[in-house]
Amino acid sequence: MSENIKIYKKTEEGYPKNLLQLPDAPSRLYVLGELPDPMRPAIAIVGARNCSSYGKNMAYEYARILTQRGIQVISGLARGVDAAAHAGALAAGGKTYGVMGCGVDFCYPTSSRKLYHVMQQQGGILSEFAPGTPPLSYHFPLRNRIISGLSGAILVVEAKEKSGSLITADAALEQGRTVFALPGRVGDLLSEGCNRLIYQGAIPAWKPEIILEEMEWTGKKEIIQEDFTQEKKIVLAREDDLVYSCLDLNPKAVSQLQDETGLPSGSLLKSLYYLTAKDLAREVWQNYYIRTEKRWA
Amino acid sequence: MYTSILSATMQGIRAIPVQVEVDVSPGLPGFSMVGTVNSQVREAQDRVRTSLHNLEIPVPPRRITINLSPADVPKAGTGFDLPITAAILESLGQLPKGGLESVMVTGEVGLDGQIKKVRGVLAMVEEARKSGCQGCIVPWENRREAQMIQGIRSVGVRNLGEFMRTVRERTWEHPEKEREKMEIAPEITADFREIKGQTAAKRGALLAAAGFHNILLMGPPGSGKTMVAKRIPGLLPALSHEEAMEITSIYSVAGLLSSKVPWVSNRPFRSPHHTISPQALAGGGKIPMPGEITLAHKGVLFLDELPEMKRETLEILRQPLEDGEIHIARVGGRYSFPAEFLLVGAMNPCPCGYYPDRNRCDCGEHEIKRYQQRISQAFLDRMDICVTTNAATYGEFRGEIPDSDSIQWSTENMRKEVERARLIQKERLKESGICYNSQIPPGEISTYCKTSEEAEKMLQGAFEKLHLSGRACNRILRVARTAADLAGKEQIEEEEIAEAIGYRSFDKHSWK
């Protein structure tokens, strides 16, 4: 594998220009795959590893929609939000880049093995650490500055009050990048970090388009102008519609849905099955369902 | 002077007749015992000698040889005390010669001559009846248990004096006073209506009871998993007389019958602690005793905290879950115990128990995954139904339950539904020799589980999307069959398939 690793030195041609601005720019970058395209905008999507299904789902959806608009998604390949963002970008058929806290020949964490391999073909795996460097805990805050450094903006999806994602947000601010945060419910521990960022001046990214508008990325020619949020008219059967209206972005148990809809168990699960098949709902956990996509009907 | 008296020893849950032969002859004084006896039996000589001494019956200084025949069957238990004493007394001329012909004798003798209860009396008396005995003499505490066997007269004795009187008077030939009848009146100790919310869990319990499907309850601590599990036996139809006798016989062997009510009238509910050893679960010992799975025969085996159990302990369940019995091989022979039980498992979703509530759960995904992987896929495959319980809100917990709910989800009403579904199953399966939908063999699934066109399409879609195995698919169809029976439908429709897939065990979840 080592022959596939490309090395970019700070002093040489091809080193990412936006990293050069950093006072603590890494002297070398090791890359499996390729570097982000400097001609196209990039966004970092970061967040908690032990995220909720809301966070996971939103990271996936934001990454998917932004990638469809031609924006590159950069993250850290960690579990949870990071992995979901990469997966969303890949699902849209775009390229996505992961910055590692170890040598690029290491797949860490092992749960991201699938992403690690696909991203070598569809994007890149980046690191400032020489091949063979093990994943040590102090490496991770360091790689965060590269994640934000490579991107024009960063989106924090879910973070607790004390979180590594907030380090990335701090780094981004020092580097002069725009910080977006995904608003969450008051009282949700995993949204406290994001809500605090918003209080401190981060832009609440309550829909993916906000990022495009705020960054003025809509005008660039690489950006696909087509409006993906066009009204999708999906007509549902009456029962399915009732069930859909009871679903939420936070997981709801079947028992709860049954009490709310008053449907018998069989009919409820039939509706949920068809909603899932139409990608309008997802079973995130045994007997727990969430709503997945906006629907205008 | 040679005497022989009939007794019995237990092998598994079967009694094997044993002839206790005693010979008192001149020679060096001594007491020797032969015939593959274990230490419990060997100790009989001291109890017998001392009790006779205390009754002021002199044992002459002669050579006493005792043989338990057939000599090659391993013997255990304390039930040989009384037949040995009887045989010695007869040899010494204290009892009439041949007075105990065609009578089976069992009981433990205390040093003061008291006769104490022994295990397995029910099976022994049954064996005596089969071999054409006239009567049985059993310990007083076992008499009611023994008297449940029709066609043979059993007499209970309290001490050696009473025993000698019984033999002299041949009490077992006297006309019998009215026998007690075994009453099978299941008592419901806990009602489903006490459970608030948890509609899915209740529905799962209903399906499980109706089709005898294994069920896994998953949810945070204190959400009612154990409450649901404890109420499942109440949903099962009342025991038939044969079933009750079979279970009572098992409990008699295990020495678990109370002397007040010496039979089992309720479906068993066994909930061993998760630290249980494989032997205690499956049955074990040099001469195996029934384990928890056999004690749960025809009832419910509840395993709480499944992931905390040792893997090897859980894996033991796989074979009995398929066959309905367990085979144990020991030096002394092979033993089979019946083990047809409904398995109810309970577990937390993650080490802290609160997943997917991320406000309370901070377990990493790998931790959750590892926690669940403590239960093997093969084991999960055998859980037909998996439902989650969720933490009740305060309103649900303290509030009044609507009347409609408390009627629909009362044990009484649910059991009616179960009985109706069971009747349909019995009628449908009468030719195949099985009783429940969960037992339909793979070859006959297509015969018994007819699906509508839409349902077929739905199942095919799920099969491809969820990468189901053939076995999983069959299990879905069996549960769907039960759901259709509950709804009184001849054909399985989309609702039933959706329900069976929805409550399918969490092997359908692939982790990203």
# chains A, B, ... in the order shown; residues from 1 in each chain; ligands from 1
>>> interface_residues(of="chain A", to="chain B", cutoff="10 Å", atoms="only C-alpha atoms", output="NGL selection string")
:A and (49-54 or 56 or 79-80 or 83-84 or 87 or 109-112 or 114-115 or 187-191 or 250-259 or 264-274 or 277 or 283-288)
>>> select_by_dssp(residues="segment 56-116 of chain A", states="helix (DSSP H, G or I)", output="number ranges by chain")
A: 56-68, 81-91, 110-116
>>> write_last_selection(atoms="N, CA and C atoms", output="PDB file, in the first residue's frame")
ATOM      1  N   LYS A  56     -26.825  11.754  13.531  1.00  0.00           N
ATOM      2  CA  LYS A  56     -26.308  10.888  12.487  1.00  0.00           C
ATOM      3  C   LYS A  56     -27.071  11.152  11.185  1.00  0.00           C
ATOM      4  N   ASN A  57     -28.369  11.243  11.355  1.00  0.00           N
ATOM      5  CA  ASN A  57     -29.229  11.438  10.206  1.00  0.00           C
ATOM      6  C   ASN A  57     -29.004  12.789   9.544  1.00  0.00           C
ATOM      7  N   MET A  58     -28.856  13.836  10.376  1.00  0.00           N
ATOM      8  CA  MET A  58     -28.670  15.184   9.846  1.00  0.00           C
ATOM      9  C   MET A  58     -27.308  15.303   9.169  1.00  0.00           C
ATOM     10  N   ALA A  59     -26.277  14.727   9.771  1.00  0.00           N
ATOM     11  CA  ALA A  59     -24.950  14.774   9.165  1.00  0.00           C
ATOM     12  C   ALA A  59     -25.004  14.135   7.783  1.00  0.00           C
ATOM     13  N   TYR A  60     -25.706  13.018   7.713  1.00  0.00           N
ATOM     14  CA  TYR A  60     -25.830  12.291   6.456  1.00  0.00           C
ATOM     15  C   TYR A  60     -26.564  13.131   5.419  1.00  0.00           C
ATOM     16  N   GLU A  61     -27.697  13.697   5.837  1.00  0.00           N
ATOM     17  CA  GLU A  61     -28.526  14.454   4.898  1.00  0.00           C
ATOM     18  C   GLU A  61     -27.834  15.734   4.431  1.00  0.00           C
ATOM     19  N   TYR A  62     -27.223  16.494   5.375  1.00  0.00           N
ATOM     20  CA  TYR A  62     -26.547  17.742   5.000  1.00  0.00           C
ATOM     21  C   TYR A  62     -25.401  17.427   4.045  1.00  0.00           C
ATOM     22  N   ALA A  63     -24.649  16.383   4.346  1.00  0.00           N
ATOM     23  CA  ALA A  63     -23.516  16.022   3.494  1.00  0.00           C
ATOM     24  C   ALA A  63     -24.021  15.618   2.110  1.00  0.00           C
ATOM     25  N   ARG A  64     -25.110  14.889   2.094  1.00  0.00           N
ATOM     26  CA  ARG A  64     -25.635  14.414   0.814  1.00  0.00           C
ATOM     27  C   ARG A  64     -26.100  15.595  -0.051  1.00  0.00           C
ATOM     28  N   ILE A  65     -26.852  16.494   0.582  1.00  0.00           N
ATOM     29  CA  ILE A  65     -27.395  17.617  -0.192  1.00  0.00           C
ATOM     30  C   ILE A  65     -26.281  18.561  -0.633  1.00  0.00           C
ATOM     31  N   LEU A  66     -25.348  18.851   0.269  1.00  0.00           N
ATOM     32  CA  LEU A  66     -24.249  19.756  -0.093  1.00  0.00           C
ATOM     33  C   LEU A  66     -23.386  19.137  -1.189  1.00  0.00           C
ATOM     34  N   THR A  67     -23.175  17.838  -1.125  1.00  0.00           N
ATOM     35  CA  THR A  67     -22.375  17.185  -2.158  1.00  0.00           C
ATOM     36  C   THR A  67     -23.070  17.249  -3.504  1.00  0.00           C
ATOM     37  N   GLN A  68     -24.379  17.105  -3.473  1.00  0.00           N
ATOM     38  CA  GLN A  68     -25.143  17.214  -4.725  1.00  0.00           C
ATOM     39  C   GLN A  68     -24.956  18.585  -5.355  1.00  0.00           C
ATOM     40  N   VAL A  81     -20.951  11.131  13.889  1.00  0.00           N
ATOM     41  CA  VAL A  81     -21.232  12.195  12.932  1.00  0.00           C
ATOM     42  C   VAL A  81     -20.265  12.152  11.753  1.00  0.00           C
ATOM     43  N   ASP A  82     -18.969  12.007  12.016  1.00  0.00           N
ATOM     44  CA  ASP A  82     -17.968  12.024  10.945  1.00  0.00           C
ATOM     45  C   ASP A  82     -18.285  10.955   9.909  1.00  0.00           C
ATOM     46  N   ALA A  83     -18.481   9.732  10.386  1.00  0.00           N
ATOM     47  CA  ALA A  83     -18.735   8.619   9.470  1.00  0.00           C
ATOM     48  C   ALA A  83     -20.022   8.854   8.686  1.00  0.00           C
ATOM     49  N   ALA A  84     -21.042   9.399   9.363  1.00  0.00           N
ATOM     50  CA  ALA A  84     -22.323   9.638   8.681  1.00  0.00           C
ATOM     51  C   ALA A  84     -22.147  10.687   7.588  1.00  0.00           C
ATOM     52  N   ALA A  85     -21.321  11.736   7.843  1.00  0.00           N
ATOM     53  CA  ALA A  85     -21.099  12.782   6.847  1.00  0.00           C
ATOM     54  C   ALA A  85     -20.400  12.196   5.620  1.00  0.00           C
ATOM     55  N   HIS A  86     -19.368  11.392   5.870  1.00  0.00           N
ATOM     56  CA  HIS A  86     -18.674  10.759   4.739  1.00  0.00           C
ATOM     57  C   HIS A  86     -19.648   9.889   3.947  1.00  0.00           C
ATOM     58  N   ALA A  87     -20.442   9.122   4.678  1.00  0.00           N
ATOM     59  CA  ALA A  87     -21.366   8.198   4.017  1.00  0.00           C
ATOM     60  C   ALA A  87     -22.385   8.967   3.182  1.00  0.00           C
ATOM     61  N   GLY A  88     -22.866  10.116   3.704  1.00  0.00           N
ATOM     62  CA  GLY A  88     -23.836  10.921   2.976  1.00  0.00           C
ATOM     63  C   GLY A  88     -23.233  11.459   1.680  1.00  0.00           C
ATOM     64  N   ALA A  89     -21.986  11.914   1.775  1.00  0.00           N
ATOM     65  CA  ALA A  89     -21.315  12.453   0.590  1.00  0.00           C
ATOM     66  C   ALA A  89     -21.122  11.363  -0.460  1.00  0.00           C
ATOM     67  N   LEU A  90     -20.724  10.185  -0.005  1.00  0.00           N
ATOM     68  CA  LEU A  90     -20.515   9.076  -0.942  1.00  0.00           C
ATOM     69  C   LEU A  90     -21.842   8.666  -1.574  1.00  0.00           C
ATOM     70  N   ALA A  91     -22.918   8.737  -0.782  1.00  0.00           N
ATOM     71  CA  ALA A  91     -24.227   8.337  -1.293  1.00  0.00           C
ATOM     72  C   ALA A  91     -24.661   9.267  -2.424  1.00  0.00           C
ATOM     73  N   THR A 110     -11.579   1.117  13.388  1.00  0.00           N
ATOM     74  CA  THR A 110     -11.789  -0.021  12.491  1.00  0.00           C
ATOM     75  C   THR A 110     -13.227  -0.086  11.981  1.00  0.00           C
ATOM     76  N   SER A 111     -14.146   0.549  12.723  1.00  0.00           N
ATOM     77  CA  SER A 111     -15.543   0.505  12.274  1.00  0.00           C
ATOM     78  C   SER A 111     -15.725   1.268  10.967  1.00  0.00           C
ATOM     79  N   SER A 112     -14.734   2.131  10.612  1.00  0.00           N
ATOM     80  CA  SER A 112     -14.869   2.913   9.380  1.00  0.00           C
ATOM     81  C   SER A 112     -14.147   2.248   8.219  1.00  0.00           C
ATOM     82  N   ARG A 113     -13.858   0.963   8.349  1.00  0.00           N
ATOM     83  CA  ARG A 113     -13.050   0.288   7.334  1.00  0.00           C
ATOM     84  C   ARG A 113     -13.643   0.432   5.928  1.00  0.00           C
ATOM     85  N   LYS A 114     -14.950   0.284   5.855  1.00  0.00           N
ATOM     86  CA  LYS A 114     -15.602   0.338   4.544  1.00  0.00           C
ATOM     87  C   LYS A 114     -15.386   1.721   3.910  1.00  0.00           C
ATOM     88  N   LEU A 115     -15.644   2.756   4.731  1.00  0.00           N
ATOM     89  CA  LEU A 115     -15.459   4.124   4.246  1.00  0.00           C
ATOM     90  C   LEU A 115     -14.010   4.337   3.837  1.00  0.00           C
ATOM     91  N   TYR A 116     -13.093   3.851   4.661  1.00  0.00           N
ATOM     92  CA  TYR A 116     -11.655   4.029   4.446  1.00  0.00           C
ATOM     93  C   TYR A 116     -11.263   3.530   3.051  1.00  0.00           C
TER      94      TYR A 116
END
>>> atom_distance(atom1="atom CA of Leu275 of chain A", atom2="atom CA of Ala472 of chain B")
22.5 Å
>>> select_by_dssp(residues="segment 50-279 of chain A", states="strand (DSSP E or B)", output="NGL selection string")
:A and (72-75 or 96-99 or 123-127 or 153-156 or 178-181 or 203-204 or 252-253)
>>> write_last_selection(atoms="C-alpha atoms", output="PDB file, in the first residue's frame")
ATOM      1  CA  GLN A  72     -16.659  18.728  -1.011  1.00  0.00           C
ATOM      2  CA  VAL A  73     -17.165  17.271   2.439  1.00  0.00           C
ATOM      3  CA  ILE A  74     -14.176  16.986   4.764  1.00  0.00           C
ATOM      4  CA  SER A  75     -14.246  15.232   8.099  1.00  0.00           C
ATOM      5  CA  THR A  96     -15.084  13.227   0.345  1.00  0.00           C
ATOM      6  CA  TYR A  97     -11.887  13.571   2.341  1.00  0.00           C
ATOM      7  CA  GLY A  98     -10.907  12.234   5.757  1.00  0.00           C
ATOM      8  CA  VAL A  99      -8.113  13.659   7.900  1.00  0.00           C
ATOM      9  CA  GLY A 123     -11.812  11.266  -2.434  1.00  0.00           C
ATOM     10  CA  GLY A 124      -8.826  10.840  -0.156  1.00  0.00           C
ATOM     11  CA  ILE A 125      -7.383   9.879   3.187  1.00  0.00           C
ATOM     12  CA  LEU A 126      -5.067  12.585   4.519  1.00  0.00           C
ATOM     13  CA  SER A 127      -2.656  12.855   7.415  1.00  0.00           C
ATOM     14  CA  ALA A 153     -16.573  26.663   6.487  1.00  0.00           C
ATOM     15  CA  ILE A 154     -17.340  24.187   9.194  1.00  0.00           C
ATOM     16  CA  LEU A 155     -20.599  22.703  10.351  1.00  0.00           C
ATOM     17  CA  VAL A 156     -20.845  21.325  13.886  1.00  0.00           C
ATOM     18  CA  THR A 178     -17.149  30.562   9.022  1.00  0.00           C
ATOM     19  CA  VAL A 179     -18.692  28.399  11.695  1.00  0.00           C
ATOM     20  CA  PHE A 180     -22.162  26.889  11.311  1.00  0.00           C
ATOM     21  CA  ALA A 181     -23.933  24.908  13.965  1.00  0.00           C
ATOM     22  CA  ILE A 203     -24.724  30.681  12.132  1.00  0.00           C
ATOM     23  CA  PRO A 204     -27.611  28.318  12.837  1.00  0.00           C
ATOM     24  CA  LYS A 252     -40.071   7.099  18.650  1.00  0.00           C
ATOM     25  CA  ALA A 253     -40.884   3.652  19.935  1.00  0.00           C
TER      26      ALA A 253
END
>>> residues_around(residues="Arg428 of chain B", least_positions_apart="6", cutoff="10 Å", atoms="only C-alpha atoms", output="PDB file with N, CA and C atoms, in the first residue's frame")
ATOM      1  N   ARG B 422     -55.068 -20.846  19.613  1.00  0.00           N
ATOM      2  CA  ARG B 422     -54.558 -22.205  19.814  1.00  0.00           C
ATOM      3  C   ARG B 422     -55.496 -23.234  19.204  1.00  0.00           C
ATOM      4  N   ILE B 434     -48.087 -31.924  15.562  1.00  0.00           N
ATOM      5  CA  ILE B 434     -47.501 -30.837  16.342  1.00  0.00           C
ATOM      6  C   ILE B 434     -48.632 -29.954  16.849  1.00  0.00           C
ATOM      7  N   CYS B 435     -48.311 -29.097  17.788  1.00  0.00           N
ATOM      8  CA  CYS B 435     -49.378 -28.320  18.413  1.00  0.00           C
ATOM      9  C   CYS B 435     -49.343 -26.838  18.059  1.00  0.00           C
ATOM     10  N   TYR B 436     -48.149 -26.293  17.853  1.00  0.00           N
ATOM     11  CA  TYR B 436     -48.057 -24.838  17.740  1.00  0.00           C
ATOM     12  C   TYR B 436     -47.439 -24.429  16.410  1.00  0.00           C
ATOM     13  N   ASN B 437     -47.721 -23.191  16.028  1.00  0.00           N
ATOM     14  CA  ASN B 437     -47.143 -22.656  14.797  1.00  0.00           C
ATOM     15  C   ASN B 437     -45.625 -22.651  14.838  1.00  0.00           C
ATOM     16  N   TYR B 448     -48.826 -24.666   5.321  1.00  0.00           N
ATOM     17  CA  TYR B 448     -49.622 -24.079   6.397  1.00  0.00           C
ATOM     18  C   TYR B 448     -49.631 -22.554   6.380  1.00  0.00           C
TER      19      TYR B 448
END
>>> atom_distance(atom1="atom CA of Met100 of chain A", atom2="atom CA of Phe140 of chain A")
7.7 Å
>>> residues_around(residues="Arg282 of chain A", least_positions_apart="5", cutoff="8 Å", atoms="only C-alpha atoms", output="PyMOL selection string")
chain A and resi 275-276+289-292
>>> write_last_selection(atoms="N, CA and C atoms", output="PDB file, in the first residue's frame")
ATOM      1  N   LEU A 275     -43.467   3.139   4.660  1.00  0.00           N
ATOM      2  CA  LEU A 275     -42.777   4.435   4.778  1.00  0.00           C
ATOM      3  C   LEU A 275     -41.275   4.224   4.696  1.00  0.00           C
ATOM      4  N   THR A 276     -40.797   3.151   5.310  1.00  0.00           N
ATOM      5  CA  THR A 276     -39.373   2.851   5.271  1.00  0.00           C
ATOM      6  C   THR A 276     -38.945   2.523   3.837  1.00  0.00           C
ATOM      7  N   TYR A 289     -38.403   4.338  15.385  1.00  0.00           N
ATOM      8  CA  TYR A 289     -38.434   4.894  14.031  1.00  0.00           C
ATOM      9  C   TYR A 289     -38.245   6.398  14.059  1.00  0.00           C
ATOM     10  N   ILE A 290     -37.652   6.925  12.980  1.00  0.00           N
ATOM     11  CA  ILE A 290     -37.581   8.380  12.806  1.00  0.00           C
ATOM     12  C   ILE A 290     -38.096   8.723  11.419  1.00  0.00           C
ATOM     13  N   ARG A 291     -38.420  10.009  11.258  1.00  0.00           N
ATOM     14  CA  ARG A 291     -38.786  10.511   9.938  1.00  0.00           C
ATOM     15  C   ARG A 291     -37.489  10.881   9.250  1.00  0.00           C
ATOM     16  N   THR A 292     -37.367  10.630   7.959  1.00  0.00           N
ATOM     17  CA  THR A 292     -36.079  10.915   7.343  1.00  0.00           C
ATOM     18  C   THR A 292     -36.095  12.095   6.396  1.00  0.00           C
TER      19      THR A 292
END
>>> closest_residue(among="A:Ala92, A:Cys107, A:Ile146, A:Gly55", to="Arg185 of chain A", atoms="only C-alpha atoms")
A:Gly55
>>> residues_around(residues="Ala238 of chain B", least_positions_apart="5", cutoff="12 Å", atoms="only C-alpha atoms", output="compact mmCIF listing (two decimals) with C-alpha atoms, in the first residue's frame")
# COMPACT_ATOMS: atom_id res chain seq x y z
CA GLU B 183 -57.12 -29.89 41.01
CA ILE B 184 -55.84 -27.95 38.09
CA ALA B 185 -56.98 -24.45 38.75
CA PRO B 186 -54.45 -21.98 37.49
CA GLU B 187 -54.23 -18.98 39.71
CA ILE B 188 -53.32 -15.72 38.15
CA PRO B 233 -47.39 -17.97 31.99
CA GLU B 243 -49.28 -32.29 31.21
CA ALA B 244 -49.83 -31.66 34.91
CA VAL B 264 -48.17 -28.63 39.93
CA SER B 265 -51.30 -26.93 38.73
CA ASN B 266 -49.81 -23.83 37.15
CA ARG B 267 -47.55 -23.47 34.18
CA PRO B 268 -44.02 -23.35 35.56
CA LYS B 298 -44.51 -26.75 29.34
CA GLY B 299 -44.02 -23.35 30.91
CA ARG B 415 -55.83 -15.52 27.33
CA LYS B 416 -59.15 -15.82 25.55
CA VAL B 418 -54.63 -17.08 22.92
CA GLU B 419 -57.04 -19.95 23.42
CA ARG B 422 -54.56 -22.21 19.81
